[in-house]
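Visitor: Here it is: the structure, laid out below.
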Amino acid sequence: MADKGNPLVTLRAWHRPLVVLAGVMGVLCAVSLLGLLFDDRTLVNAPIWLKPFKFSVSIGLYALTLAWLLTHVRRGRRAGWWFGTLFAAGIGLDFALLVWQIIVRGRTLHFNQSTPADAMINNLVAGGAYTAWSMTAAVAVLLLFQRIPDRALRSALRWGAGLAVVGMYVATLMFTATPAQEAVLEANGKFSTFGAHSVGVEDGGPGLPVVGWSTVGGDLRIPHFVGIHALQVLPLVAFGLLLLARRYRVLESDVVRRRLVRTAGAGYAGLIALLTWQAERGQSIVHPDFWTLAAATGLIAALAVAGTLSLRSLPRAERVVSAEILRSAR
């Protein structure tokens, strides 16, 4: 249970299965680092341990954030515990299958339909991912009914959970046949791969260091990654505003901070939409065209205006108090 009015709680109160999952991911992250150093095998033009490393970091952070987020659930606490537990089970199964398929079998994980075993593992992974998606959506709904004292943090948790659900949904766009796969299906009546991370190019081409996002075509992993980690980013925005309130008096109002968090949430949603639109057009993140730059400029301008209006719109009661303080100071 969260402390009264305090967004930080003791680790003992956090959702235990999710904390255990995060701990396991920490161990596997260290193992993956050793694999990157001492195992020179590659898969789809990338070190074979790179995907386990990336997933262990991402899942570990996500699990810890969700475990902390559930400490704020009082109404429907038992349901929240089960949602978190099912999330941990689904993602834990996915990671176990990832290690088995990639490290042990030396075969690709996602979209692989080459053999019955590959197809079965791919389908199981999809089931685990959908379980995690639906449980995150359920937690997002639960948060709508919680009374969290700090209004800015309340908005951050709701926006973060909601946008994380959107980010997970973006991943479903990857599970459609590419034009090349459709041509193979028409010619042979079967396919070995169904779906892709990249748009307009084949997976495994030139990519950014570590993350591997395509530098020659669109890549749906980018909006997916940005979306799911809204769960960390927006609460950090709320905490950042709380720290800045010690220096800037206007931020002492939790109403102003809430408006700024909502502005950040709307901007984050716009960023997910922009990145998805860019990827779907087969455009690389490092080679934006005029329309992408124009949309990004418009989004930044809208955020600047909304942020300025949020800072200037103190609640009426607080404006009256501020005016009285100024008059008494004279």
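FYI, nothing fancy with the structure tokens labels: chains A, B, ... in order, residues from 1 per chain, ligands from 1 as they appear.
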Could you give me the residues within segment 18-97 of chain A that DSSP places in strand (DSSP E), as number ranges by chain?
Guide: A: 42-43, 46-47
Visitor: Pick out the residues sitting within 9 Å of Thr108 of chain A, and hand them over as a PyMOL selection string; count only C-alpha atoms, and ignore anything fewer than 6 positions along from it in its own chain.
Guide: chain A and resi 43-44+98+101-102+118
Visitor: Can you tell me, as a ChimeraX atom specification, what residues are no more than 7 Å from Pro235 of chain A when counting only C-alpha atoms, ignoring any on the same chain fewer than 6 positions away?
Guide: /A:153,156-157
Visitor: Could you turn the residues from that selection into a file that holds N, CA and C atoms, as a PDB file, in the first residue's frame?
Guide:
ATOM      1  N   LEU A 153       0.611  13.102 -10.533  1.00  0.00           N
ATOM      2  CA  LEU A 153       1.028  11.700 -10.596  1.00  0.00           C
ATOM      3  C   LEU A 153      -0.116  10.817 -11.068  1.00  0.00           C
ATOM      4  N   ALA A 156      -0.260  11.093 -14.698  1.00  0.00           N
ATOM      5  CA  ALA A 156       0.900  10.442 -15.310  1.00  0.00           C
ATOM      6  C   ALA A 156       0.720   8.926 -15.359  1.00  0.00           C
ATOM      7  N   LEU A 157       0.212   8.344 -14.275  1.00  0.00           N
ATOM      8  CA  LEU A 157       0.006   6.895 -14.238  1.00  0.00           C
ATOM      9  C   LEU A 157      -1.043   6.469 -15.250  1.00  0.00           C
TER      10      LEU A 157
END
Visitor: Any idea what the distance is between atom CA of Trp133 of chain A and atom CA of Ile300 of chain A?
Guide: 29.3 Å
Visitor: Using only C-alpha atoms, which protein or nucleic acid residues come within 7 Å of Pro223 of chain A? Drop anything in the same chain fewer than 4 positions from it, and give the result as an mmCIF file with N, CA, C and O atoms, in the first residue's frame.
Guide:
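Dumped everything to around-v9.cif:
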data_model
loop_
_atom_site.group_PDB
_atom_site.id
_atom_site.type_symbol
_atom_site.label_atom_id
_atom_site.label_comp_id
_atom_site.auth_asym_id
_atom_site.auth_seq_id
_atom_site.Cartn_x
_atom_site.Cartn_y
_atom_site.Cartn_z
ATOM 1 N N GLY A 167 1.202 1.251 -27.306
ATOM 2 C CA GLY A 167 2.494 0.799 -27.806
ATOM 3 C C GLY A 167 2.532 -0.698 -28.035
ATOM 4 O O GLY A 167 3.113 -1.180 -29.018
ATOM 5 N N GLY A 227 6.157 3.519 -27.303
ATOM 6 C CA GLY A 227 4.850 3.415 -26.672
ATOM 7 C C GLY A 227 4.877 2.657 -25.355
ATOM 8 O O GLY A 227 4.363 3.147 -24.337
ATOM 9 N N ILE A 272 3.988 8.850 -30.794
ATOM 10 C CA ILE A 272 3.728 7.460 -31.195
ATOM 11 C C ILE A 272 3.051 7.429 -32.564
ATOM 12 O O ILE A 272 3.418 6.629 -33.438
ATOM 13 N N LEU A 275 5.621 8.393 -35.310
ATOM 14 C CA LEU A 275 6.593 7.333 -35.585
ATOM 15 C C LEU A 275 5.941 6.150 -36.310
ATOM 16 O O LEU A 275 6.565 5.515 -37.169
ATOM 17 N N THR A 276 4.689 5.848 -35.958
ATOM 18 C CA THR A 276 3.978 4.767 -36.638
ATOM 19 C C THR A 276 3.715 5.134 -38.089
ATOM 20 O O THR A 276 3.908 4.313 -39.003
#
Visitor: Hey, which of A:Ala183, A:Ala89, A:Leu143, A:Leu303 ends up closest to Val261 of chain A? Count only C-alpha atoms.
Guide: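 Smallest separation from Val261 of chain A among the options: A:Leu303.
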Visitor: May I have the residues within 12 Å of Ala306 of chain A as a ChimeraX atom specification, using only C-alpha atoms and disregarding those fewer than 2 positions away in the same chain?
Guide: /A:256,259-267,299-304,308-313
Visitor: Go ahead and save the picked residues with N, CA, C and O atoms, as a compact mmCIF listing (two decimals), in the first residue's frame.
Guide:
# COMPACT_ATOMS: atom_id res chain seq x y z
N VAL A 256 -1.40 22.82 -11.89
CA VAL A 256 -0.51 23.21 -12.99
C VAL A 256 0.33 22.01 -13.43
O VAL A 256 0.48 21.75 -14.63
N ARG A 259 -1.74 19.68 -15.48
CA ARG A 259 -1.94 20.16 -16.85
C ARG A 259 -0.70 19.94 -17.70
O ARG A 259 -0.79 19.60 -18.88
N LEU A 260 0.46 20.14 -17.11
CA LEU A 260 1.70 19.90 -17.84
C LEU A 260 1.88 18.41 -18.15
O LEU A 260 2.35 18.04 -19.24
N VAL A 261 1.51 17.55 -17.20
CA VAL A 261 1.60 16.10 -17.44
C VAL A 261 0.64 15.70 -18.56
O VAL A 261 0.99 14.90 -19.44
N ARG A 262 -0.57 16.26 -18.55
CA ARG A 262 -1.51 15.95 -19.62
C ARG A 262 -0.99 16.43 -20.96
O ARG A 262 -1.17 15.76 -21.98
N THR A 263 -0.36 17.59 -20.96
CA THR A 263 0.25 18.09 -22.19
C THR A 263 1.34 17.13 -22.67
O THR A 263 1.42 16.81 -23.86
N ALA A 264 2.18 16.67 -21.73
CA ALA A 264 3.23 15.72 -22.08
C ALA A 264 2.62 14.42 -22.61
O ALA A 264 3.13 13.82 -23.57
N GLY A 265 1.53 13.96 -21.98
CA GLY A 265 0.87 12.75 -22.42
C GLY A 265 0.31 12.88 -23.83
O GLY A 265 0.47 11.97 -24.66
N ALA A 266 -0.33 14.02 -24.11
CA ALA A 266 -0.86 14.24 -25.46
C ALA A 266 0.27 14.32 -26.47
O ALA A 266 0.17 13.78 -27.59
N GLY A 267 1.38 14.97 -26.09
CA GLY A 267 2.53 15.04 -26.99
C GLY A 267 3.14 13.68 -27.24
O GLY A 267 3.55 13.37 -28.36
N LEU A 299 3.96 19.36 -34.12
CA LEU A 299 3.76 18.75 -32.80
C LEU A 299 4.52 19.50 -31.72
O LEU A 299 3.99 19.79 -30.65
N ILE A 300 5.77 19.86 -32.01
CA ILE A 300 6.58 20.61 -31.04
C ILE A 300 5.97 21.97 -30.77
O ILE A 300 5.89 22.42 -29.61
N ALA A 301 5.49 22.64 -31.81
CA ALA A 301 4.87 23.96 -31.65
C ALA A 301 3.61 23.86 -30.80
O ALA A 301 3.38 24.69 -29.90
N ALA A 302 2.78 22.85 -31.06
CA ALA A 302 1.56 22.67 -30.29
C ALA A 302 1.88 22.41 -28.81
O ALA A 302 1.21 22.93 -27.91
N LEU A 303 2.91 21.62 -28.56
CA LEU A 303 3.32 21.34 -27.18
C LEU A 303 3.82 22.59 -26.48
O LEU A 303 3.55 22.81 -25.29
N ALA A 304 4.57 23.41 -27.21
CA ALA A 304 5.09 24.64 -26.63
C ALA A 304 3.95 25.58 -26.22
O ALA A 304 3.96 26.16 -25.13
N THR A 308 2.93 26.47 -22.35
CA THR A 308 2.90 27.87 -21.91
C THR A 308 1.56 28.22 -21.28
O THR A 308 1.49 28.86 -20.22
N LEU A 309 0.46 27.78 -21.91
CA LEU A 309 -0.87 28.05 -21.37
C LEU A 309 -1.06 27.35 -20.03
O LEU A 309 -1.70 27.89 -19.13
N SER A 310 -0.50 26.14 -19.89
CA SER A 310 -0.61 25.42 -18.62
C SER A 310 0.08 26.17 -17.50
O SER A 310 -0.41 26.23 -16.37
N LEU A 311 1.24 26.74 -17.79
CA LEU A 311 1.99 27.48 -16.77
C LEU A 311 1.30 28.78 -16.37
O LEU A 311 1.48 29.27 -15.25
N ARG A 312 0.54 29.36 -17.30
CA ARG A 312 -0.11 30.64 -17.03
C ARG A 312 -1.51 30.50 -16.47
O ARG A 312 -2.17 31.51 -16.20
N SER A 313 -1.98 29.28 -16.32
CA SER A 313 -3.39 29.09 -15.93
C SER A 313 -3.50 28.54 -14.52
O SER A 313 -3.96 27.42 -14.32
Visitor: Taking the chain letters and numbering used in this document, name the residues of segment 143-289 of chain A that DSSP puts in alpha helix (DSSP H), as a PyMOL selection string.
Guide: chain A and resi 143+151-170+179-188+221-228+230-244+254-280
Visitor: Residues near segment 45-60 of chain A, anyone? I mean within 7 Å using only C-alpha atoms, not counting same-chain ones fewer than 6 positions away, as a VMD selection string.
Guide: chain A and resid 22 25 to 26 28 to 29 32 to 33 35 to 36 99 103 204
Visitor: Limited to N, CA and C atoms, could you put the picked residues into a file as a CSV table (one decimal), in the first residue's frame?
Guide:
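The resulting file, again-v3.csv, is shown below:
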chain,number,residue,atom,x,y,z
A,22,ALA,N,11.6,-9.1,-12.6
A,22,ALA,CA,12.6,-8.1,-12.8
A,22,ALA,C,14.0,-8.6,-12.3
A,25,MET,N,15.3,-11.0,-14.8
A,25,MET,CA,15.8,-10.3,-16.0
A,25,MET,C,17.1,-9.7,-15.8
A,26,GLY,N,17.4,-9.2,-14.5
A,26,GLY,CA,18.7,-8.7,-14.2
A,26,GLY,C,19.8,-9.7,-14.3
A,28,LEU,N,19.6,-12.4,-16.2
A,28,LEU,CA,19.7,-12.8,-17.6
A,28,LEU,C,20.4,-11.7,-18.4
A,29,CYS,N,20.2,-10.4,-18.0
A,29,CYS,CA,20.9,-9.3,-18.6
A,29,CYS,C,22.4,-9.5,-18.5
A,32,SER,N,23.6,-12.3,-20.7
A,32,SER,CA,23.6,-11.9,-22.1
A,32,SER,C,24.8,-11.0,-22.4
A,33,LEU,N,25.2,-10.2,-21.5
A,33,LEU,CA,26.4,-9.4,-21.7
A,33,LEU,C,27.6,-10.3,-21.8
A,35,GLY,N,27.5,-13.4,-22.9
A,35,GLY,CA,27.3,-14.0,-24.2
A,35,GLY,C,27.8,-13.1,-25.3
A,36,LEU,N,27.5,-11.8,-25.2
A,36,LEU,CA,27.9,-10.9,-26.3
A,36,LEU,C,29.4,-10.8,-26.3
A,99,VAL,N,14.8,-17.5,-25.3
A,99,VAL,CA,16.2,-18.1,-25.1
A,99,VAL,C,16.3,-19.5,-25.7
A,103,ILE,N,18.9,-19.0,-28.6
A,103,ILE,CA,20.2,-19.4,-28.1
A,103,ILE,C,20.4,-20.9,-28.2
A,204,GLY,N,16.9,-7.6,-41.0
A,204,GLY,CA,18.3,-8.0,-41.0
A,204,GLY,C,19.2,-7.1,-41.8
Visitor: Measuring between only C-alpha atoms, which one of A:Val201, A:Ala119, A:Leu185, A:Ala161 shows the shortest distance to Ser134 of chain A?
Guide: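 Closest to Ser134 of chain A of all the choices is A:Ala161.
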Visitor: Got a sec: who's within 12 Å of Gly240 of chain A, counting only C-alpha atoms, leaving out chain neighbours fewer than 2 positions off, as an mmCIF file with N, CA, C and O atoms, in the first residue's frame?
Guide:
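Dumped to part-v8.cif:
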data_model
loop_
_atom_site.group_PDB
_atom_site.id
_atom_site.type_symbol
_atom_site.label_atom_id
_atom_site.label_comp_id
_atom_site.auth_asym_id
_atom_site.auth_seq_id
_atom_site.Cartn_x
_atom_site.Cartn_y
_atom_site.Cartn_z
ATOM 1 N N ALA A 152 -1.107 15.313 -10.380
ATOM 2 C CA ALA A 152 -0.174 15.195 -11.496
ATOM 3 C C ALA A 152 0.287 13.745 -11.655
ATOM 4 O O ALA A 152 0.334 13.215 -12.772
ATOM 5 N N LEU A 153 0.611 13.102 -10.533
ATOM 6 C CA LEU A 153 1.028 11.700 -10.596
ATOM 7 C C LEU A 153 -0.116 10.817 -11.068
ATOM 8 O O LEU A 153 0.089 9.887 -11.851
ATOM 9 N N ALA A 156 -0.260 11.093 -14.698
ATOM 10 C CA ALA A 156 0.900 10.442 -15.310
ATOM 11 C C ALA A 156 0.720 8.926 -15.359
ATOM 12 O O ALA A 156 1.040 8.285 -16.363
ATOM 13 N N VAL A 233 8.245 6.871 -18.688
ATOM 14 C CA VAL A 233 8.552 8.260 -19.028
ATOM 15 C C VAL A 233 7.603 9.242 -18.341
ATOM 16 O O VAL A 233 8.045 10.232 -17.727
ATOM 17 N N LEU A 234 6.302 9.005 -18.406
ATOM 18 C CA LEU A 234 5.360 9.998 -17.887
ATOM 19 C C LEU A 234 5.370 10.112 -16.359
ATOM 20 O O LEU A 234 5.315 11.234 -15.839
ATOM 21 N N PRO A 235 5.473 9.005 -15.603
ATOM 22 C CA PRO A 235 5.682 9.191 -14.157
ATOM 23 C C PRO A 235 6.979 9.932 -13.834
ATOM 24 O O PRO A 235 7.026 10.724 -12.890
ATOM 25 N N LEU A 236 8.031 9.721 -14.643
ATOM 26 C CA LEU A 236 9.267 10.479 -14.437
ATOM 27 C C LEU A 236 9.045 11.967 -14.689
ATOM 28 O O LEU A 236 9.637 12.813 -14.014
ATOM 29 N N VAL A 237 8.192 12.293 -15.656
ATOM 30 C CA VAL A 237 7.846 13.698 -15.899
ATOM 31 C C VAL A 237 7.178 14.283 -14.654
ATOM 32 O O VAL A 237 7.502 15.400 -14.223
ATOM 33 N N ALA A 238 6.244 13.528 -14.077
ATOM 34 C CA ALA A 238 5.553 14.004 -12.874
ATOM 35 C C ALA A 238 6.528 14.211 -11.720
ATOM 36 O O ALA A 238 6.462 15.225 -11.005
ATOM 37 N N LEU A 242 7.742 17.736 -9.815
ATOM 38 C CA LEU A 242 7.688 17.864 -8.361
ATOM 39 C C LEU A 242 9.022 18.373 -7.809
ATOM 40 O O LEU A 242 9.066 19.207 -6.897
ATOM 41 N N LEU A 243 10.122 17.896 -8.364
ATOM 42 C CA LEU A 243 11.438 18.371 -7.938
ATOM 43 C C LEU A 243 11.650 19.831 -8.342
ATOM 44 O O LEU A 243 12.199 20.629 -7.570
ATOM 45 N N LEU A 244 11.215 20.183 -9.554
ATOM 46 C CA LEU A 244 11.376 21.564 -10.019
ATOM 47 C C LEU A 244 10.519 22.542 -9.221
ATOM 48 O O LEU A 244 10.817 23.745 -9.176
ATOM 49 N N ALA A 245 9.469 22.033 -8.584
ATOM 50 C CA ALA A 245 8.601 22.908 -7.794
ATOM 51 C C ALA A 245 9.349 23.540 -6.629
ATOM 52 O O ALA A 245 8.935 24.569 -6.094
ATOM 53 N N ARG A 246 10.485 22.941 -6.226
ATOM 54 C CA ARG A 246 11.281 23.532 -5.150
ATOM 55 C C ARG A 246 11.954 24.822 -5.585
ATOM 56 O O ARG A 246 12.289 25.668 -4.743
ATOM 57 N N ARG A 247 12.137 24.979 -6.894
ATOM 58 C CA ARG A 247 12.798 26.174 -7.410
ATOM 59 C C ARG A 247 11.836 27.126 -8.098
ATOM 60 O O ARG A 247 12.063 28.340 -8.109
ATOM 61 N N TYR A 248 10.773 26.589 -8.688
ATOM 62 C CA TYR A 248 9.842 27.413 -9.455
ATOM 63 C C TYR A 248 8.462 27.365 -8.799
ATOM 64 O O TYR A 248 7.798 26.327 -8.797
ATOM 65 N N LEU A 251 5.088 25.843 -10.125
ATOM 66 C CA LEU A 251 4.913 24.385 -10.154
ATOM 67 C C LEU A 251 4.495 23.813 -8.808
ATOM 68 O O LEU A 251 4.271 22.600 -8.698
ATOM 69 N N ARG A 257 0.859 21.286 -12.461
ATOM 70 C CA ARG A 257 1.658 20.105 -12.817
ATOM 71 C C ARG A 257 0.814 19.069 -13.551
ATOM 72 O O ARG A 257 1.289 18.437 -14.504
ATOM 73 N N LEU A 260 0.457 20.137 -17.108
ATOM 74 C CA LEU A 260 1.696 19.896 -17.843
ATOM 75 C C LEU A 260 1.881 18.407 -18.154
ATOM 76 O O LEU A 260 2.345 18.039 -19.236
ATOM 77 N N VAL A 261 1.507 17.551 -17.205
ATOM 78 C CA VAL A 261 1.597 16.102 -17.438
ATOM 79 C C VAL A 261 0.642 15.700 -18.560
ATOM 80 O O VAL A 261 0.992 14.897 -19.436
#
Visitor: Looking at only C-alpha atoms, which of A:Leu293, A:Ile121, A:Leu21, A:Leu142 is the one that sits closest to His72 of chain A?
Guide: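 Of A:Leu293, A:Ile121, A:Leu21, A:Leu142, the one nearest His72 of chain A, counting only C-alpha atoms, is A:Leu142.
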Visitor: From the options A:Val19, A:Ala30, A:Ala164, A:Ile148, which residue's atoms come nearest to Val226 of chain A, counting only C-alpha atoms?
Guide: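 Among the listed residues, A:Ala164 lies closest to Val226 of chain A.
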Visitor: One number please: atom CA of Pro209 of chain A to atom CA of Thr176 of chain A, in Å, one decimal.
Guide: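 Answer for the atom CA of Pro209 of chain A to atom CA of Thr176 of chain A separation: 26.1 Å.
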Visitor: Between atom CA of Val165 of chain A and atom CA of Asn112 of chain A, what is the spacing in Å?
Guide: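 It comes out at 24.7 Å.
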